[in-house]
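Worksheet: one structure, shown below.
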2 protein chains.
Amino acid sequence: MIRRIPQARDRGIPDATVARLPLYLRALNGMAERGTATVSSEDLALAAGVNSAKLRKDLSHLGSYGTRGVGYDVQYLIYQISRELGLTQDWAVAIVGVGNLGRALANYGGFASRGFRIAGLLDADPHVVGDRIAGLVVEHADELESVIKKRGVSIVVIATPATAAQQVCDRVIAAGVTSILNFAPVVLAVPDGVDVRKVDLSIELQILAFHEQRKANGGPIMAEEWPDGVVM
Amino acid sequence: MIRRIPQARDRGIPDATVARLPLYLRALNGMAERGTATVSSEDLALAAGVNSAKLRKDLSHLGSYGTRGVGYDVQYLIYQISRELGLTQDWAVAIVGVGNLGRALANYGGFASRGFRIAGLLDADPHVVGDRIAGLVVEHADELESVIKKRGVSIVVIATPATAAQQVCDRVIAAGVTSILNFAPVVLAVPDGVDVRKVDLSIELQILAFHEQRKANGGPIMAEEWPDGVVM
DNA sequence: TCGACTTTGTGCATAGCTTCACAAAGGCAC
DNA sequence: GTGCCTTTGTGAAGCTATGCACAAAGTCGA
């Protein structure tokens, strides 16, 4: 779950908008690569898979960066969104837990290109410590606090088994980290002021199963359960 | 004209509720393992990391399964939520793209325990085809349609590079699949009736970076001073 | 049986998000 | 400049989600 942070009154950008900005950014980067100079809200919305009114309202929270009758300058908008998201600076990220998932994350190219630098890989298993992955040597989990402090890590990714997650979480918070991305299937308990985002692979499948079952049953309302409140 | 009135037993369950049911289910499973027979909304909400009123409202969409003065029977509630999510049946899942992420997914234990059976691993790379992962032999992507049809695959996980994702998507839809979990960083174009859920690792980090930047800048007060800072 | 106590299920107010629809603003041709 | 065209930015309306607060419904001891 995401803990809400008190936001600026004037420039408090809605959470729903923040969650979509990376989407716009990716669509814009694709356009920039293809040499597109300007783009209308209609076209950008299409590329990002949202409705154009929503896109315009989202962008209006950042400022008035479009030109009426023309659209948005691709490069300028990339810059503004990047700045808003904090991607114009370099973020040092540590990944704790170098199992299959941790390795996948370490090798994922989408991080480096967006200002996220993997500054440490840590694991508690002596058999894994010392391995070289994505150009980094895996360090022992005992080094967690020192890695965080020495390398200025401000975001930690937890990719450990569920049983270890809370302990790792407590330690990184004690070491001053306030942003955590959690892949372990547990609800982490954190004090106020710490942001936790959770990615749960099995939850997504369960949501799909729910909808799939519904399709298979021939519609949203099963005859046997037809409610009294339905009016014809 | 049919008008749907939100009500207990109405099968139209809000998306926000569906997204939380797996969370409750996990908390309940933990309690069942520890031998807890009944649980109050207060305690279950605590374990799932939500507010107890929200939990009760969510559960009320499934039906009236609690006992006032006592709480919810853990086993019974597990059954009801599982049934609602469609987890009492077996789902055959195919994973396309056996890179680091595909391997991580294939080895992830959280699937099998919830009725998701990995029925196929496919990849286009001849060097990977034939590898044995999590008890399955990787098959060539050319076999996609036949694997889907022969093994009754109803959910496909796309863990390919971005460039291959849309093509894979088109093929699985043509083969009759209507539920897709996409890990590739692209917006998939799909016809009506097809469900796509997206997990994007870098988006989550970008959202964290946004909040982290806010904290670092001293919070709401500072925000007011940015707007006209940079001119292009 | 009764009364005290616990906990659910939900009406209601509020907050947040989405979408529509259009005036305002800019470009462009002449 | 003037008029026309395109597209933004946003007020307002409608919809969905959240959380409070409490009546209703149950348990339990005496």
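Letters A, B, ... go to the chains of the structure tokens in the order shown; residues in each chain start at 1; ligands are counted from 1 in the same order.
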
Go through chain B residue by residue and, counting only C-alpha atoms (C1' of nucleotides), keep those with an atom at most 9 Å from chain D; for each kept residue give the shortest atom pair and its distance in Å to one decimal, ordered by chain and increasing number, as JSON lines.
```
{"residue": "B:Pro14", "atom": "CA", "partner": "D:DT16", "partner_atom": "C1'", "distance": 8.5}
{"residue": "B:Ala16", "atom": "CA", "partner": "D:DA17", "partner_atom": "C1'", "distance": 7.8}
{"residue": "B:Asn51", "atom": "CA", "partner": "D:DG19", "partner_atom": "C1'", "distance": 8.2}
{"residue": "B:Ala53", "atom": "CA", "partner": "D:DG19", "partner_atom": "C1'", "distance": 6.7}
{"residue": "B:Lys54", "atom": "CA", "partner": "D:DT18", "partner_atom": "C1'", "distance": 7.2}
{"residue": "B:Thr67", "atom": "CA", "partner": "D:DG26", "partner_atom": "C1'", "distance": 6.5}
{"residue": "B:Arg68", "atom": "CA", "partner": "D:DG26", "partner_atom": "C1'", "distance": 4.7}
{"residue": "B:Gly69", "atom": "CA", "partner": "D:DG26", "partner_atom": "C1'", "distance": 5.4}
{"residue": "B:Val70", "atom": "CA", "partner": "D:DT27", "partner_atom": "C1'", "distance": 7.2}
```

Let me see the file: selected residues, C-alpha atoms, as a PDB file, in the first residue's frame.
```pdb
ATOM      1  CA  PRO B  14     -15.810  -2.485  -7.610  1.00  0.00           C
ATOM      2  CA  ALA B  16     -10.786  -1.237  -6.111  1.00  0.00           C
ATOM      3  CA  ASN B  51      -8.743   0.564   7.321  1.00  0.00           C
ATOM      4  CA  ALA B  53     -14.371   0.129   7.539  1.00  0.00           C
ATOM      5  CA  LYS B  54     -12.990  -0.344   4.066  1.00  0.00           C
ATOM      6  CA  THR B  67     -21.080 -12.938  12.486  1.00  0.00           C
ATOM      7  CA  ARG B  68     -21.835  -9.837  14.513  1.00  0.00           C
ATOM      8  CA  GLY B  69     -20.182  -9.869  17.884  1.00  0.00           C
ATOM      9  CA  VAL B  70     -17.716 -12.526  16.725  1.00  0.00           C
TER      10      VAL B  70
END
```

Give me every alpha helix (DSSP H) residue in segment 66-123 of chain A, going by DSSP on the backbone, as a tab-separated table (two decimals) with N, CA, C and O atoms, in the first residue's frame.
```tsv
chain	number	residue	atom	x	y	z
A	74	VAL	N	7.84	18.10	-28.01
A	74	VAL	CA	8.20	16.81	-27.42
A	74	VAL	C	9.38	16.93	-26.46
A	74	VAL	O	9.32	16.47	-25.32
A	75	GLN	N	10.47	17.54	-26.91
A	75	GLN	CA	11.66	17.64	-26.07
A	75	GLN	C	11.39	18.42	-24.79
A	75	GLN	O	11.83	18.04	-23.71
A	76	TYR	N	10.68	19.52	-24.93
A	76	TYR	CA	10.41	20.37	-23.77
A	76	TYR	C	9.56	19.63	-22.75
A	76	TYR	O	9.79	19.69	-21.55
A	77	LEU	N	8.55	18.89	-23.26
A	77	LEU	CA	7.66	18.16	-22.37
A	77	LEU	C	8.42	17.02	-21.67
A	77	LEU	O	8.21	16.75	-20.49
A	78	ILE	N	9.30	16.36	-22.41
A	78	ILE	CA	10.14	15.32	-21.80
A	78	ILE	C	10.92	15.92	-20.63
A	78	ILE	O	10.96	15.35	-19.54
A	79	TYR	N	11.48	17.10	-20.90
A	79	TYR	CA	12.27	17.73	-19.85
A	79	TYR	C	11.41	18.07	-18.63
A	79	TYR	O	11.77	17.80	-17.49
A	80	GLN	N	10.25	18.65	-18.87
A	80	GLN	CA	9.39	19.07	-17.76
A	80	GLN	C	8.89	17.89	-16.94
A	80	GLN	O	8.85	17.94	-15.71
A	81	ILE	N	8.49	16.83	-17.61
A	81	ILE	CA	8.00	15.66	-16.86
A	81	ILE	C	9.16	15.01	-16.10
A	81	ILE	O	9.02	14.65	-14.94
A	82	SER	N	10.30	14.91	-16.75
A	82	SER	CA	11.47	14.33	-16.09
A	82	SER	C	11.82	15.11	-14.83
A	82	SER	O	12.10	14.53	-13.77
A	83	ARG	N	11.78	16.42	-14.96
A	83	ARG	CA	12.12	17.26	-13.82
A	83	ARG	C	11.11	17.06	-12.69
A	83	ARG	O	11.46	16.92	-11.53
A	84	GLU	N	9.85	17.01	-13.06
A	84	GLU	CA	8.80	16.86	-12.06
A	84	GLU	C	8.95	15.53	-11.33
A	84	GLU	O	8.75	15.43	-10.12
A	85	LEU	N	9.30	14.50	-12.07
A	85	LEU	CA	9.44	13.17	-11.47
A	85	LEU	C	10.77	13.02	-10.73
A	85	LEU	O	10.98	12.03	-10.03
A	100	ASN	N	16.23	-15.01	-8.42
A	100	ASN	CA	15.87	-14.84	-9.83
A	100	ASN	C	15.37	-13.43	-10.09
A	100	ASN	O	15.75	-12.79	-11.06
A	101	LEU	N	14.50	-12.95	-9.20
A	101	LEU	CA	13.91	-11.65	-9.40
A	101	LEU	C	14.95	-10.54	-9.26
A	101	LEU	O	15.02	-9.63	-10.08
A	102	GLY	N	15.76	-10.64	-8.22
A	102	GLY	CA	16.80	-9.64	-8.01
A	102	GLY	C	17.73	-9.54	-9.22
A	102	GLY	O	18.11	-8.46	-9.65
A	103	ARG	N	18.07	-10.70	-9.78
A	103	ARG	CA	18.91	-10.71	-10.98
A	103	ARG	C	18.21	-10.04	-12.15
A	103	ARG	O	18.81	-9.26	-12.90
A	104	ALA	N	16.94	-10.36	-12.31
A	104	ALA	CA	16.18	-9.75	-13.40
A	104	ALA	C	16.17	-8.24	-13.25
A	104	ALA	O	16.37	-7.50	-14.23
A	105	LEU	N	15.99	-7.77	-12.04
A	105	LEU	CA	15.95	-6.32	-11.80
A	105	LEU	C	17.32	-5.71	-12.07
A	105	LEU	O	17.42	-4.65	-12.69
A	106	ALA	N	18.37	-6.39	-11.62
A	106	ALA	CA	19.73	-5.85	-11.80
A	106	ALA	C	20.05	-5.72	-13.29
A	106	ALA	O	20.75	-4.81	-13.71
A	107	ASN	N	19.53	-6.62	-14.09
A	107	ASN	CA	19.83	-6.62	-15.52
A	107	ASN	C	18.84	-5.79	-16.34
A	107	ASN	O	19.02	-5.65	-17.55
```

Pick from A:Val153, A:Ala32, A:Leu144, A:Val96, whichever lies nearest to chain B using only C-alpha atoms: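 Among A:Val153, A:Ala32, A:Leu144, A:Val96, it is A:Val153 that comes nearest to chain B.
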
Distance-based interface of chain C with chain A, 9 Å, counting only C-alpha atoms (C1' of nucleotides), as a VMD selection string: chain C and resid 16 to 20 25 to 27

Using only N, CA, C and O atoms (P, O5', C5', C4', C3', O3' and C1' of nucleotides), please write the residues we just selected to a file, as a PDB file, in the first residue's frame.
```pdb
ATOM      1  P    DG C  16      -8.798  14.676  -1.218  1.00  0.00           P
ATOM      2  O5'  DG C  16      -8.978  13.775  -2.519  1.00  0.00           O
ATOM      3  C5'  DG C  16      -9.016  12.354  -2.377  1.00  0.00           C
ATOM      4  C4'  DG C  16      -9.310  11.759  -3.723  1.00  0.00           C
ATOM      5  C3'  DG C  16      -8.529  12.393  -4.876  1.00  0.00           C
ATOM      6  O3'  DG C  16      -7.971  11.335  -5.622  1.00  0.00           O
ATOM      7  C1'  DG C  16     -10.825  12.337  -5.386  1.00  0.00           C
ATOM      8  P    DC C  17      -6.956  11.588  -6.807  1.00  0.00           P
ATOM      9  O5'  DC C  17      -7.770  11.011  -8.034  1.00  0.00           O
ATOM     10  C5'  DC C  17      -8.516   9.804  -7.891  1.00  0.00           C
ATOM     11  C4'  DC C  17      -9.432   9.648  -9.088  1.00  0.00           C
ATOM     12  C3'  DC C  17      -8.801  10.067 -10.408  1.00  0.00           C
ATOM     13  O3'  DC C  17      -8.883   8.965 -11.291  1.00  0.00           O
ATOM     14  C1'  DC C  17     -10.939  11.077 -10.131  1.00  0.00           C
ATOM     15  P    DT C  18      -8.401   9.055 -12.811  1.00  0.00           P
ATOM     16  O5'  DT C  18      -9.759   9.431 -13.546  1.00  0.00           O
ATOM     17  C5'  DT C  18     -10.837   8.503 -13.501  1.00  0.00           C
ATOM     18  C4'  DT C  18     -11.968   8.968 -14.380  1.00  0.00           C
ATOM     19  C3'  DT C  18     -11.602   9.266 -15.828  1.00  0.00           C
ATOM     20  O3'  DT C  18     -12.540   8.565 -16.634  1.00  0.00           O
ATOM     21  C1'  DT C  18     -12.767  11.100 -14.894  1.00  0.00           C
ATOM     22  P    DT C  19     -12.308   8.371 -18.209  1.00  0.00           P
ATOM     23  O5'  DT C  19     -13.300   9.456 -18.810  1.00  0.00           O
ATOM     24  C5'  DT C  19     -14.669   9.402 -18.416  1.00  0.00           C
ATOM     25  C4'  DT C  19     -15.370  10.652 -18.869  1.00  0.00           C
ATOM     26  C3'  DT C  19     -15.013  11.123 -20.283  1.00  0.00           C
ATOM     27  O3'  DT C  19     -16.195  11.042 -21.067  1.00  0.00           O
ATOM     28  C1'  DT C  19     -15.064  12.942 -18.744  1.00  0.00           C
ATOM     29  P    DC C  20     -16.234  11.474 -22.574  1.00  0.00           P
ATOM     30  O5'  DC C  20     -17.080  12.826 -22.485  1.00  0.00           O
ATOM     31  C5'  DC C  20     -18.170  12.890 -21.566  1.00  0.00           C
ATOM     32  C4'  DC C  20     -18.715  14.308 -21.495  1.00  0.00           C
ATOM     33  C3'  DC C  20     -18.798  15.021 -22.838  1.00  0.00           C
ATOM     34  O3'  DC C  20     -20.046  15.697 -22.878  1.00  0.00           O
ATOM     35  C1'  DC C  20     -17.538  16.318 -21.313  1.00  0.00           C
ATOM     36  P    DA C  25      -7.367  34.181 -23.434  1.00  0.00           P
ATOM     37  O5'  DA C  25      -6.448  33.305 -24.386  1.00  0.00           O
ATOM     38  C5'  DA C  25      -5.835  32.115 -23.891  1.00  0.00           C
ATOM     39  C4'  DA C  25      -4.968  31.520 -24.972  1.00  0.00           C
ATOM     40  C3'  DA C  25      -4.121  32.537 -25.742  1.00  0.00           C
ATOM     41  O3'  DA C  25      -2.837  31.996 -25.901  1.00  0.00           O
ATOM     42  C1'  DA C  25      -5.423  31.287 -27.242  1.00  0.00           C
ATOM     43  P    DG C  26      -1.561  32.981 -26.059  1.00  0.00           P
ATOM     44  O5'  DG C  26      -1.033  32.643 -27.524  1.00  0.00           O
ATOM     45  C5'  DG C  26      -0.383  31.394 -27.689  1.00  0.00           C
ATOM     46  C4'  DG C  26      -0.773  30.822 -29.023  1.00  0.00           C
ATOM     47  C3'  DG C  26      -0.172  31.552 -30.230  1.00  0.00           C
ATOM     48  O3'  DG C  26       0.975  30.844 -30.659  1.00  0.00           O
ATOM     49  C1'  DG C  26      -2.386  30.731 -30.608  1.00  0.00           C
ATOM     50  P    DG C  27       1.856  31.388 -31.894  1.00  0.00           P
ATOM     51  O5'  DG C  27       1.185  30.633 -33.112  1.00  0.00           O
ATOM     52  C5'  DG C  27       1.291  29.212 -33.191  1.00  0.00           C
ATOM     53  C4'  DG C  27       0.705  28.729 -34.497  1.00  0.00           C
ATOM     54  C3'  DG C  27       1.362  29.328 -35.743  1.00  0.00           C
ATOM     55  O3'  DG C  27       1.517  28.297 -36.705  1.00  0.00           O
ATOM     56  C1'  DG C  27      -0.962  29.841 -35.726  1.00  0.00           C
TER      57       DG C  27
END
```

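Atom CA of Lys149 of chain A sits 21.1 Å away from atom CA of Phe210 of chain B.
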
Nearest to Leu46 of chain B by atom-to-atom distance, counting only C-alpha atoms, from A:Ala112, A:Ile180, A:Val194, A:Ala189: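 For Leu46 of chain B, the nearest of the candidates is A:Ala189.
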